[in-house]
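Quick notes on the structure that follows.
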Protein chains: 4
Amino acid sequence: MQERRVVVKEGAEFFFRNNAGYCIGTGRMGLALQQAYQDQLKLVQEEIGFSHIRGHGLFCDDMAIFHEYEENGVKKVEYNYTYLDMVMDSYQRLGLAPFLELGFMPEKMASGTQTIFYWKGNTTPPKEYTLWTDMVQNLLRHLIRRYGRENVVSWPIEVWNEPNLPGFWENADLEEYCKLFRLTFCAVKEVDQRLRVGGPAICGVRDAEWIRAFLDFCKKEGITPDFITRHHYTTEMPEPVGHYGYTKLTKPEEGFANLKSTRDIIDSYPEFCGMEIHITEFNTSYIPNCPLHDTNENAAYIAHQLSRLGDVNQSWSYWTFGDIFEEHGVPFTPFHGGFGLVANGCIPKPTFWTFAFYKRLQEAGGKCVHKDDDMVICRTADGTYRGIAWNWQNGQEELALKICLPADVARYTLVEKKVDEDCCNPLKVWHDLGQPAYPDAEQIKLLRECARPAVLTRQVTRGEAEAGLGLTLGRYGVTYFTLTKREETADRGYVYERATGR
Amino acid sequence: MQERRVVVKEGAEFFFRNNAGYCIGTGRMGLALQQAYQDQLKLVQEEIGFSHIRGHGLFCDDMAIFHEYEENGVKKVEYNYTYLDMVMDSYQRLGLAPFLELGFMPEKMASGTQTIFYWKGNTTPPKEYTLWTDMVQNLLRHLIRRYGRENVVSWPIEVWNEPNLPGFWENADLEEYCKLFRLTFCAVKEVDQRLRVGGPAICGVRDAEWIRAFLDFCKKEGITPDFITRHHYTTEMPEPVGHYGYTKLTKPEEGFANLKSTRDIIDSYPEFCGMEIHITEFNTSYIPNCPLHDTNENAAYIAHQLSRLGDVNQSWSYWTFGDIFEEHGVPFTPFHGGFGLVANGCIPKPTFWTFAFYKRLQEAGGKCVHKDDDMVICRTADGTYRGIAWNWQNGQEELALKICLPADVARYTLVEKKVDEDCCNPLKVWHDLGQPAYPDAEQIKLLRECARPAVLTRQVTRGEAEAGLGLTLGRYGVTYFTLTKREETADRGYVYERATGR
Amino acid sequence: MQERRVVVKEGAEFFFRNNAGYCIGTGRMGLALQQAYQDQLKLVQEEIGFSHIRGHGLFCDDMAIFHEYEENGVKKVEYNYTYLDMVMDSYQRLGLAPFLELGFMPEKMASGTQTIFYWKGNTTPPKEYTLWTDMVQNLLRHLIRRYGRENVVSWPIEVWNEPNLPGFWENADLEEYCKLFRLTFCAVKEVDQRLRVGGPAICGVRDAEWIRAFLDFCKKEGITPDFITRHHYTTEMPEPVGHYGYTKLTKPEEGFANLKSTRDIIDSYPEFCGMEIHITEFNTSYIPNCPLHDTNENAAYIAHQLSRLGDVNQSWSYWTFGDIFEEHGVPFTPFHGGFGLVANGCIPKPTFWTFAFYKRLQEAGGKCVHKDDDMVICRTADGTYRGIAWNWQNGQEELALKICLPADVARYTLVEKKVDEDCCNPLKVWHDLGQPAYPDAEQIKLLRECARPAVLTRQVTRGEAEAGLGLTLGRYGVTYFTLTKREETADRGYVYERATGR
Amino acid sequence: MQERRVVVKEGAEFFFRNNAGYCIGTGRMGLALQQAYQDQLKLVQEEIGFSHIRGHGLFCDDMAIFHEYEENGVKKVEYNYTYLDMVMDSYQRLGLAPFLELGFMPEKMASGTQTIFYWKGNTTPPKEYTLWTDMVQNLLRHLIRRYGRENVVSWPIEVWNEPNLPGFWENADLEEYCKLFRLTFCAVKEVDQRLRVGGPAICGVRDAEWIRAFLDFCKKEGITPDFITRHHYTTEMPEPVGHYGYTKLTKPEEGFANLKSTRDIIDSYPEFCGMEIHITEFNTSYIPNCPLHDTNENAAYIAHQLSRLGDVNQSWSYWTFGDIFEEHGVPFTPFHGGFGLVANGCIPKPTFWTFAFYKRLQEAGGKCVHKDDDMVICRTADGTYRGIAWNWQNGQEELALKICLPADVARYTLVEKKVDEDCCNPLKVWHDLGQPAYPDAEQIKLLRECARPAVLTRQVTRGEAEAGLGLTLGRYGVTYFTLTKREETADRGYVYERATGR
């Protein structure tokens with residue numbers, strides 16, 4: 001193993017947009033009624049704390065919003081917000097605002113029968129568009145009444161999900177999507193001009209073509225979306241085996257280049273140049289049964305992603321916070337490769353901590369004094385350094401860093417929170433326990449206990465900081481560190497060395 | 001470093017009375033009114049779970065039980081159980097029964113003015129013994145009314161505390177103590193014959209003399225105490241410096257020999273042979289400002305103690321569960337060397353985990369298949385091994401063990417929970433942070449996070465178990481381990497190695 | 001208004017089997033995953049405390065238990081207990097054991113496509129009976145592994161639900177049901193002989209015919225069910241209007257006679273004479289959108305029922321504890337006439353308190369000294385009287401009672417907890433508020449506050465008790481009262497009359 | 001009984017400063033360490049919600065702040081903030097800022113030995129004033145470090161308590177107090193000019209004389225206090241009997257006149273005219289063992305007070321929130337006439353609700369449209385009326401009001417929350433139960449249940465509102481009412497009258 005030496009120059013500044021706490025993905029909205037979902041989300045909010053949440057299924061039948069009935073031979077419509085209120089109230093309690101995705105189609109409103117997923121979301125256009133726009137407006141007015149106009153106008157609204165895939169939007173019909181977008185955009189703005197509407201929520205298939213066509217359409221129609229949305233996944237096609245799919249990560253730079261291309265297309269339109277891009281879904285693999293999601297490798301790879309996604313985007317929403325999900329049905333074991341930061345049983349996966357670390361960095365603020373493919377380091381006005389380092393490149397067993405930092409005082413405290421395959425790896429513990437499909441209470445407790453970062457502290461002299469602060473990361477390790485000026489106060493008579501024989 | 005090899009023979013059985021969860025010490029009863037006290041006790045009960053609790057100060061003035069007043073020129077007595085009920089209710093809620101220590105003297109009932117501690121417990125005999133016995137009976141009847149006769153008769157009762165020290169009992173007057181004991185014993189038995197009364201609660205000064213004199217007195221008076229109580233501390237005289245006292249641990253065998261001598265004395269009386277001995281206080285140092293208490297060294301030493309205290313005793317009560325204490329006043333910092341398993345701020349100290357580990361072993365049951373000065377190992381009927389090992393001898397940096405175990409199956413899961421100076425040492429973290437007297441919320445969170453055992457798991461083959469299961473302990477390490485038969489169930493398509501590249 | 005005078009004779013004893021706390025009904029098992037369901041159930045368990053819970057849908061597709069797949073051209077089966085464990089764990093936490101109802105049919109196992117309810121429970125026989133019996137056995141073995149054999153053998157098992165209705169069992173095919181019962185019975189007993197199996201879970205349509213045919217079948221096959229189950233509803237056919245159904249209560253005696261007829265049929269078989277009957281569902285109306293359920297009238301009628309259902313039955317399970325239900329879809333308002341004791345928003349309905357009162361009476365024990373159509377009164381060994389009175393007959397505005405009771409002491413304390421249209425009527429408050437479909441947080445708080453019994457106390461002299469303790473009940477009132485011997489203790493100097501000017 | 005008719009004119013406006021939620025009194029600061037104290041305060045904050053808290057004992061020895069020791073023959077000082085932080089942290093958690101009262105004297109700093117209360121607060125000047133000012137500054141700097149400068153500068157600071165009484169300040173030495181004030185004032189301002197300092201915290205003995213002398217002194221010294229503080233009690237001298245004191249309420253106008261006289265004195269100084277007056281203590285009786293405090297009479301009298309105390313004062317702090325208090329020792333029963341809004345056992349007393357009602361009124365805002373000796377009524381911009389009425393005058397059994405209100409719409413909802421001797425009177429329930437000194441868990445539950453306002457709702461037509469909304473108050477009743485515009489929404493098919501037969 002060779003050491004990597006990094007020198008942070010006095011006054012250095014790097015571009016680093018850290019918006020890690022902005023938005024998180026979720027399984028379909030109807031699942032938000034579940035207790036296990038809420039328990040997992042509560043854990044996420046306590047330790048990380050996102051401000052927005054986005055997922056599918058707002059208008060799916062399990063939310064029971066849209067109803068038709070006949071009275072005296074006349075078809076009428078009624079809306080039911082009983083479950084919607086339960087869900088939105090629960091988000092409020094946890095400090096979350098929705099990033100509203102408008103979709104999919106209520107069965108009774110649909111023009112066709114095509115559905116997606118185990119939970120059968122209907123993915124066809126409405127049989128009549130006024131039914132759709134009436135429902136959207138009625139829903140927004142209900143939300144405004146209940147949660148306050150000033151709150152609701154700050155909730156971003158996205159029209160549909162991945163219409164560029166035929167499974168999500170019948171025939172991936174671009175023209176039809178543009179119609180849906182235009183009518184929806186206008187209907188929403190009628191409720192309140194300040195409501196912010198975006199699209200086209202595409203994933204990476206024919207994406208450039210879609211973005212261009214969408215912007216051309218907007219330009220032609222004189223519509224200015226409030227933001228553009230797209231998705232971002234970074235694995236190859238998975239190979240299915242039994243309940244699972246196995247896959248490989250793609251090179252990060254490929255994904256970043258793809259993101260950049262979207263930025264460039266938008267910026268090529270004078271009307272839209274600089275428009276916000278929100279990545280409303282991202283993860284490594286795009287299947288909910290990919291064992292990779294549960295690994296330390298995933299955590300390290302995502303750590304790298306989070307250092308770069310702000311390069312050209314406004315926000316990026318990890319898909320998803322937890323493993324109450326159901327797109328492929330109900331999982332057979334807690335470690336089934338779900339998208340979640342949290343495994344069923346309320347067990348944080350390694351990637352959970354990647355987000356916790358970036359959120360701490362975001363809260364602390366300061367300026368970025370170093371960023372490369374292994375780490376990001378910030379410094380606040382009080383002279384504290386905070387950083388995140390990861391060991392993803394080439395799956396190397398160990399990454400040894402020497403980070404040379406400008407130092408102001410004689411002595412610092414270094415705090416490291418470490419996540420790697422040895423010290424914070426619940427998947428391995430579960431495997432060692434025999435991969436129990438239904439772990440008992442004691443096993444669940446153990447899995448939670450083993451899923452916390454190791455905490456290390458030590459004192460660092462100015463000399464060491466300047467000559468190179470040594471950090472070592474284990475395989476697929478992610479480390480959050482703070483280097484804080486240390487002032488020792490000794491209570492009268494207290495001598496640590498006497499207490500400890502050290 | 002040299003490995004120590006231990007061979008557990010098929011069918012081996014060792015004497016090991018593990019009653020670690022029986023009783024825990026507490027600061028004076030009045031402190032049980034405090035919220036921080038209750039928070040610490042709740043943590044202790046959740047993670048360890050004792051069944052009894054014992055401390056001083058039941059009759060001290062802050063409990064406000066005894067009152068005298070004049071009416072029409074006549075002196076009268078009244079009792080107030082407002083605070084007593086609050087305390088006892090709180091114990092009930094936490095699943096604890098009191099090990100009642102009767103003492104000290106209400107100021108208004110005292111014959112003298114001598115007090116002990118910052119909180120001024122009066123340590124003189126009653127001015128009239130009937131005032132005392134009336135109060136004791138009244139209190140017991142109140143408890144019976146409130147908590148049920150069948151409950152209260154199971155609560156052990158101890159008469160006074162350390163009367164062999166002049167600070168705790170004026171002049172360490174043995175004859176006066178015997179009088180107090182006799183009158184109290186008879187008064188209690190009058191309330192209910194089944195109530196169990198013991199003494200003389202001595203510590204290690206002239207202890208043999210006191211025990212003999214006490215038993216002679218009982219024999220002469222025809223009294224059979226229900227049990228004998230004594231204390232057990234294992235450090236030399238401390239050297240005071242500022243707010244602190246520094247000391248050295250004595251050799252464990254000295255202490256065990258002293259305990260054995262009490263056993264022998266009792267057994268030399270045919271009337272009393274085999275009578276239960278309860279150690280109603282023990283710890284390393286006997287001062288509440290001894291930095292040693294907060295260290296990993298303390299945890300490892302106590303681990304050894306807990307393997308041996310059952311040799312001749314029925315129970316042993318660590319002094320104390322938490323650091324809301326006040327005998328020497330209010331501490332200036334969280335790590336002030338208090339007796340507690342928990343530091344202020346609800347931070348478990350290393351010794352906390354020693355008890356948690358022994359309690360788990362006690363709950364699991366089974367028989368002891370090995371015990372020596374470094375470890376104890378039990379085996380339950382299902383073939384699971386559970387053990388505790390510690391590295392206390394000579395302060396060696398590392399202890400490497402090879403434990404050869406009879407094995408039944410091809411594959412086991414080894415779970416280790418490790419506490420040592422590197423992985424679970426909040427004192428060091430606090431020191432590295434600059435020893436803040438008043439840590440802020442973020443520091444407290446960090447101190448709690450760093451104060452949990454590291455969890456390690458791995459698979460062990462029959463061959464390895466038989467050839468010698470390897471365990472390595474860091475400096476002053478204490479490890480709890482379980483070796484459980486492993487059956488792997490693989491969900492359809494799940495291949496751990498593919499998931500992890502391992 | 002005329003007073004009704006009741007004389008309780010010294011030594012009087014009435015038959016009164018009070019098993020109110022035995023079992024409660026629930027919406028389909030999949031709903032137990034929901035947070036609102038759990039919140040409501042928690043409230044029920046805290047204030048009432050049932051020991052068992054029974055509902056439909058154990059094998060319905062949202063529980064995701066049964067799966068078929070093909071491997072190398074061969075059809076195979078796998079089971080998934082992820083959700084089942086979540087549900088059962090939640091019941092355990094709340095102190096509940098399941099009264100297992102085996103049904104309905106997993107879609108993949110079904111012989112037909114007939115479904116029932118909004119949530120589409122398949123109500124056809126299995127395509128192959130071995131698939132069914134294998135699944136039942138596999139499930140029971142899973143439960144035994146997870147919850148312990150000794151626990152699980154105490155959980156009653158009922159085969160299917162209301163097979164005498166064609167909606168619940170295709171064609172209401174009696175012969176097919178007998179086959180299902182026989183095969184299931186034998187399969188369960190193969191797992192453990194001690195498991196208790198019953199049926200036929202019929203409701204009141206051709207019930208006598210079904211019971212006889214079922215018993216004839218059992219006799220012929222040499223099967224002895226462990227108990228017989230049936231349902232009990234007491235309203236006429238509802239008239240549907242919009243989302244609701246309106247109906248009238250039937251005379252109680254009609255229902256009691258029908259229950260008696262089942263008893264008589266069973267007892268006419270020497271083999272089955274005295275066999276336990278469990279009413280596994282009862283309520284007033286059998287539709288989940290009957291506004292009657294939310295009223296005080298319902299509470300008073302059920303109070304009467306609870307005094308009599310023990311006459312010939314072992315237990316009776318109110319259908320249901322809460323309003324997370326969905327058989328007719330998602331309700332549009334909190335007061336939609338759901339079956340629940342608790343309205344959505346965690347608002348206890350009047351009938352909630354009827355159960356709370358009967359459960360208190362059950363816990364206190366003692367013997368029944370009076371029972372008639374207006375009240376039931378018990379007396380415990382300490383001379384305390386506890387009773388429940390209700391005002392249901394004829395919808396009279398007020399019921400004035402004078403209850404003459406044998407008295408032992410000079411003075412008693414009377415505590416009344418009153419529920420009637422004036423003092424505990426959340427439906428009226430909701431109506432006065434304008435019937436908000438989506439009450440806001442402040443309205444929900446108010447609805448909870450108004451939904452608690454009024455508490456009244458007064459002192460009663462021996463003379464008054466003997467001459468007739470006066471109790472007045474408002475319209476559809478239900479009152480729980482205790483009459484306890486009063487001993488006054490006055491603290492030194494305390495004079496209540498001086499304090500209050502009374 | 002005669003009805004009182006009140007006519008509210010369109011456009012009417014009355015002066016009504018409602019600052020009920022500003023500050024609440026507390027037992028000495030050391031008691032804030034107790035769990036029962038915190039439980040009671042939590043209840044108060046949940047249901048009422050004060051923003052500040054004020055009490056004695058910041059510098060008393062149980063807080064352990066000030067310490068002297070000798071080192072090498074030199075006297076040195078050290079401070080200990082362990083307990084202070086616990087207390088302040090607990091206030092923060094409950095949303096409270098301290099209204100800091102600087103007092104009493106640490107024993108080691110005191111010039112004399114005079115103490116006050118069971119808990120022995122030393123009430124003599126410092127032996128050296130620099131010890132005092134150093135301590136004050138050190139404490140403030142500590143608070144600023146821990147809680148943030150911007151927070152701490154908003155915390156009002158009051159110098160000492162009731163120095164005009166010789167028990168609270170040796171010899172009630174005015175000159176010495178002025179010295180203390182001046183030195184403290186200057187020391188505080190040195191820490192931060194924005195810190196706000198007031199005094200002289202006098203109670204009603206020679207108060208005019210003290211106020212004048214204090215202002216003369218300030219004028220002479222060129223000091224401008226940030227506010228003036230005084231106390232306000234409204235009963236005659238109590239008659240002591242056993243543990244209790246009985247007394248009579250004085251006429252309210254006497255007290256108001258006395259408050260006005262303070263206002264007038266201050267305003268007569270051009271330098272100080274309009275200076276804020278804070279009543280830092282008020283209640284009916286000034287003894288902590290006055291049974292009156294627990295009554296409905298107290299609640300009704302205080303309701304009147306709260307309508308008037310804003311006439312000339314900025315704030316008024318009820319003495320105290322709870323009954324963990326100890327000035328006269330530990331109470332023998334829960335209803336011992338303590339100052340608290342909450343009785344021990346977490347039982348709200350009637351006066352608790354008076355504050356809850358005024359706080360709701362304060363939160364809702366709007367303008368006062370009527371105020372007299374029986375009620376206060378406010379109207380918000382949306383046309384909602386909110387008011388509080390009380391029945392205190394002459395102890396009349398019933399007060400019937402007809403309140404004529406300008407009405408905008410056809411139909412309103414009236415919500416009444418009622419507290420009176422019949423419906424919300426835990427003292428009477430406790431008395432009926434036999435005045436148990438140590439109520440058991442079931443009795444405590446009952447006492448809590450009976451201590452909540454009755455909730456009544458009804459619909460009111462425009463005609464009734466204009467002709468006179470009828471409200472009836474029972475003896476010593478306090479009613480909070482809201483009159484809100486009612487819009488009925490009927491879900492499809494829902495007919496309340498059919499549901500209820502009404």
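By order of appearance in the structure tokens: chains A, B, ..., then residues from 1 within every chain, and ligands from 1 in the order shown.
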Starting from chain C, keep only residues with some atom at most 9 Å from an atom of chain A, counting only C-alpha atoms, and report them as a list in words.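 Putting it all together, I get Leu31, Ala32, Leu33, Gln34, Gln35, Ala36, Tyr37, Gln38, Asp62, Met63, Ala64, Tyr79, Asn80, Tyr81, Thr82, Tyr83, Asp85, Met86, Arg146, Gly329, Val330, Pro331, Phe332, Thr333, Pro334, Ala437, Tyr438 and Asp440 of chain C.
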May I have the residues within 9 Å of Ser111 in chain C as a PyMOL selection string, using only C-alpha atoms and disregarding those fewer than 5 positions away in the same chain? chain C and resi 105+124-128
Apply DSSP to the structure's backbone, then extract all residues of range 142-211 of chain B labelled alpha helix (DSSP H) and return them as a PyMOL selection string. chain B and resi 142-147+149-152+174-191+207-211
Just write the chosen residues, N, CA, C and O atoms, as a short mmCIF file (atom, residue, chain, number, x, y, z; two decimals), in the first residue's frame.
data_model
loop_
_atom_site.label_atom_id
_atom_site.label_comp_id
_atom_site.auth_asym_id
_atom_site.auth_seq_id
_atom_site.Cartn_x
_atom_site.Cartn_y
_atom_site.Cartn_z
N HIS B 142 -46.50 1.28 55.85
CA HIS B 142 -46.88 2.12 54.72
C HIS B 142 -46.51 1.43 53.40
O HIS B 142 -47.31 1.39 52.45
N LEU B 143 -45.33 0.88 53.34
CA LEU B 143 -44.88 0.22 52.11
C LEU B 143 -45.77 -0.97 51.78
O LEU B 143 -46.11 -1.22 50.62
N ILE B 144 -46.11 -1.73 52.80
CA ILE B 144 -46.97 -2.89 52.59
C ILE B 144 -48.32 -2.46 52.03
O ILE B 144 -48.85 -3.07 51.10
N ARG B 145 -48.87 -1.38 52.59
CA ARG B 145 -50.17 -0.88 52.12
C ARG B 145 -50.07 -0.49 50.64
O ARG B 145 -50.94 -0.76 49.85
N ARG B 146 -48.98 0.15 50.29
CA ARG B 146 -48.89 0.71 48.94
C ARG B 146 -48.42 -0.30 47.90
O ARG B 146 -48.87 -0.27 46.76
N TYR B 147 -47.48 -1.15 48.29
CA TYR B 147 -46.86 -2.03 47.29
C TYR B 147 -47.25 -3.49 47.45
O TYR B 147 -46.82 -4.33 46.67
N ARG B 149 -48.22 -6.66 50.46
CA ARG B 149 -47.46 -7.42 51.45
C ARG B 149 -46.54 -8.43 50.79
O ARG B 149 -45.37 -8.56 51.15
N GLU B 150 -47.03 -9.12 49.78
CA GLU B 150 -46.22 -10.19 49.18
C GLU B 150 -44.99 -9.62 48.48
O GLU B 150 -43.94 -10.26 48.44
N ASN B 151 -45.11 -8.43 47.94
CA ASN B 151 -43.93 -7.78 47.38
C ASN B 151 -42.94 -7.39 48.47
O ASN B 151 -41.76 -7.70 48.40
N VAL B 152 -43.44 -6.69 49.46
CA VAL B 152 -42.54 -6.08 50.44
C VAL B 152 -41.78 -7.13 51.24
O VAL B 152 -40.61 -6.92 51.58
N LEU B 174 -19.54 -0.54 68.75
CA LEU B 174 -20.04 -1.88 68.43
C LEU B 174 -21.24 -2.27 69.28
O LEU B 174 -22.24 -2.79 68.79
N GLU B 175 -21.14 -1.97 70.58
CA GLU B 175 -22.21 -2.36 71.49
C GLU B 175 -23.51 -1.64 71.13
O GLU B 175 -24.59 -2.22 71.09
N GLU B 176 -23.35 -0.34 70.81
CA GLU B 176 -24.52 0.46 70.44
C GLU B 176 -25.12 -0.08 69.14
O GLU B 176 -26.33 -0.12 68.98
N TYR B 177 -24.25 -0.51 68.24
CA TYR B 177 -24.78 -1.06 66.99
C TYR B 177 -25.57 -2.32 67.26
O TYR B 177 -26.63 -2.55 66.67
N CYS B 178 -25.02 -3.17 68.13
CA CYS B 178 -25.73 -4.42 68.44
C CYS B 178 -27.11 -4.12 69.02
O CYS B 178 -28.10 -4.78 68.69
N LYS B 179 -27.17 -3.09 69.81
CA LYS B 179 -28.47 -2.69 70.37
C LYS B 179 -29.41 -2.25 69.25
O LYS B 179 -30.57 -2.65 69.17
N LEU B 180 -28.89 -1.39 68.40
CA LEU B 180 -29.68 -0.92 67.26
C LEU B 180 -30.17 -2.11 66.44
O LEU B 180 -31.34 -2.18 66.04
N PHE B 181 -29.27 -3.06 66.21
CA PHE B 181 -29.64 -4.20 65.37
C PHE B 181 -30.75 -5.01 66.03
O PHE B 181 -31.75 -5.35 65.40
N ARG B 182 -30.55 -5.30 67.30
CA ARG B 182 -31.53 -6.15 68.00
C ARG B 182 -32.91 -5.51 68.01
O ARG B 182 -33.92 -6.14 67.66
N LEU B 183 -32.97 -4.25 68.36
CA LEU B 183 -34.27 -3.58 68.46
C LEU B 183 -34.93 -3.46 67.08
O LEU B 183 -36.13 -3.63 66.94
N THR B 184 -34.09 -3.18 66.11
CA THR B 184 -34.64 -3.04 64.75
C THR B 184 -35.12 -4.38 64.24
O THR B 184 -36.22 -4.50 63.68
N PHE B 185 -34.29 -5.40 64.43
CA PHE B 185 -34.65 -6.75 64.00
C PHE B 185 -36.01 -7.16 64.57
O PHE B 185 -36.90 -7.60 63.86
N CYS B 186 -36.16 -6.97 65.86
CA CYS B 186 -37.41 -7.38 66.51
C CYS B 186 -38.58 -6.53 66.02
O CYS B 186 -39.69 -7.05 65.78
N ALA B 187 -38.35 -5.24 65.84
CA ALA B 187 -39.44 -4.36 65.37
C ALA B 187 -39.89 -4.79 63.98
O ALA B 187 -41.09 -4.83 63.68
N VAL B 188 -38.94 -5.10 63.11
CA VAL B 188 -39.28 -5.50 61.74
C VAL B 188 -40.07 -6.80 61.75
O VAL B 188 -41.10 -6.94 61.08
N LYS B 189 -39.59 -7.77 62.54
CA LYS B 189 -40.25 -9.08 62.56
C LYS B 189 -41.67 -8.97 63.12
O LYS B 189 -42.54 -9.79 62.78
N GLU B 190 -41.89 -7.98 63.96
CA GLU B 190 -43.23 -7.76 64.48
C GLU B 190 -44.19 -7.35 63.35
O GLU B 190 -45.38 -7.66 63.39
N VAL B 191 -43.67 -6.66 62.40
CA VAL B 191 -44.52 -6.23 61.27
C VAL B 191 -44.88 -7.45 60.42
O VAL B 191 -46.03 -7.65 60.05
N ASP B 207 -12.73 -5.90 60.39
CA ASP B 207 -13.94 -6.59 59.98
C ASP B 207 -14.12 -7.94 60.65
O ASP B 207 -15.23 -8.29 61.07
N ALA B 208 -13.04 -8.68 60.79
CA ALA B 208 -13.15 -10.00 61.41
C ALA B 208 -13.66 -9.85 62.85
O ALA B 208 -14.56 -10.56 63.29
N GLU B 209 -13.08 -8.89 63.52
CA GLU B 209 -13.47 -8.63 64.91
C GLU B 209 -14.97 -8.30 65.00
O GLU B 209 -15.69 -8.82 65.85
N TRP B 210 -15.42 -7.42 64.09
CA TRP B 210 -16.83 -7.02 64.10
C TRP B 210 -17.75 -8.20 63.79
O TRP B 210 -18.78 -8.38 64.43
N ILE B 211 -17.38 -8.97 62.80
CA ILE B 211 -18.25 -10.10 62.42
C ILE B 211 -18.39 -11.06 63.59
O ILE B 211 -19.50 -11.46 63.95
#
Could you write out, as a PyMOL selection string, all the residues of range 323-447 of chain A that DSSP marks as strand (DSSP E)? chain A and resi 342-343+347-348+367-372+375-379+385-390+399-404+411-419
Written file, previous selection with C-alpha atoms, as a CSV table (one decimal), in the first residue's frame:
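Dumped everything to again_5.csv:
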chain,number,residue,atom,x,y,z
A,342,VAL,CA,-32.4,1.7,5.8
A,343,ALA,CA,-33.0,-2.1,5.6
A,347,ILE,CA,-31.1,-1.2,10.1
A,348,PRO,CA,-29.0,1.6,8.5
A,367,LYS,CA,-15.8,26.9,2.0
A,368,CYS,CA,-14.4,24.0,0.1
A,369,VAL,CA,-10.6,24.0,0.3
A,370,HIS,CA,-10.0,20.7,-1.5
A,371,LYS,CA,-11.9,18.3,-3.6
A,372,ASP,CA,-10.7,15.4,-5.7
A,375,MET,CA,-12.2,13.3,-0.7
A,376,VAL,CA,-13.7,16.7,-0.1
A,377,ILE,CA,-12.5,19.1,2.6
A,378,CYS,CA,-14.2,22.3,3.9
A,379,ARG,CA,-13.1,24.9,6.3
A,385,TYR,CA,-11.7,21.5,9.0
A,386,ARG,CA,-14.4,19.0,8.1
A,387,GLY,CA,-14.1,16.5,5.4
A,388,ILE,CA,-15.2,13.2,3.9
A,389,ALA,CA,-12.9,10.7,2.3
A,390,TRP,CA,-13.8,7.4,0.6
A,399,LEU,CA,-6.3,3.8,1.2
A,400,ALA,CA,-3.7,5.8,3.2
A,401,LEU,CA,-3.9,9.5,3.0
A,402,LYS,CA,-1.6,12.2,4.2
A,403,ILE,CA,-3.4,15.5,4.1
A,404,CYS,CA,-1.3,18.6,4.6
A,411,ARG,CA,-3.0,21.4,18.9
A,412,TYR,CA,-6.1,20.0,17.3
A,413,THR,CA,-8.7,17.3,18.0
A,414,LEU,CA,-9.2,14.9,15.2
A,415,VAL,CA,-12.6,13.1,15.2
A,416,GLU,CA,-13.1,10.3,12.7
A,417,LYS,CA,-16.3,8.5,12.0
A,418,LYS,CA,-15.5,5.4,10.0
A,419,VAL,CA,-17.7,3.2,7.9
Would you pick out the contacts of Gln305 in chain C at 8 Å or less, using only C-alpha atoms, so that residues sharing its chain but fewer than 4 positions from it are not included, and give the list as a ChimeraX atom specification? /C:252,301,309
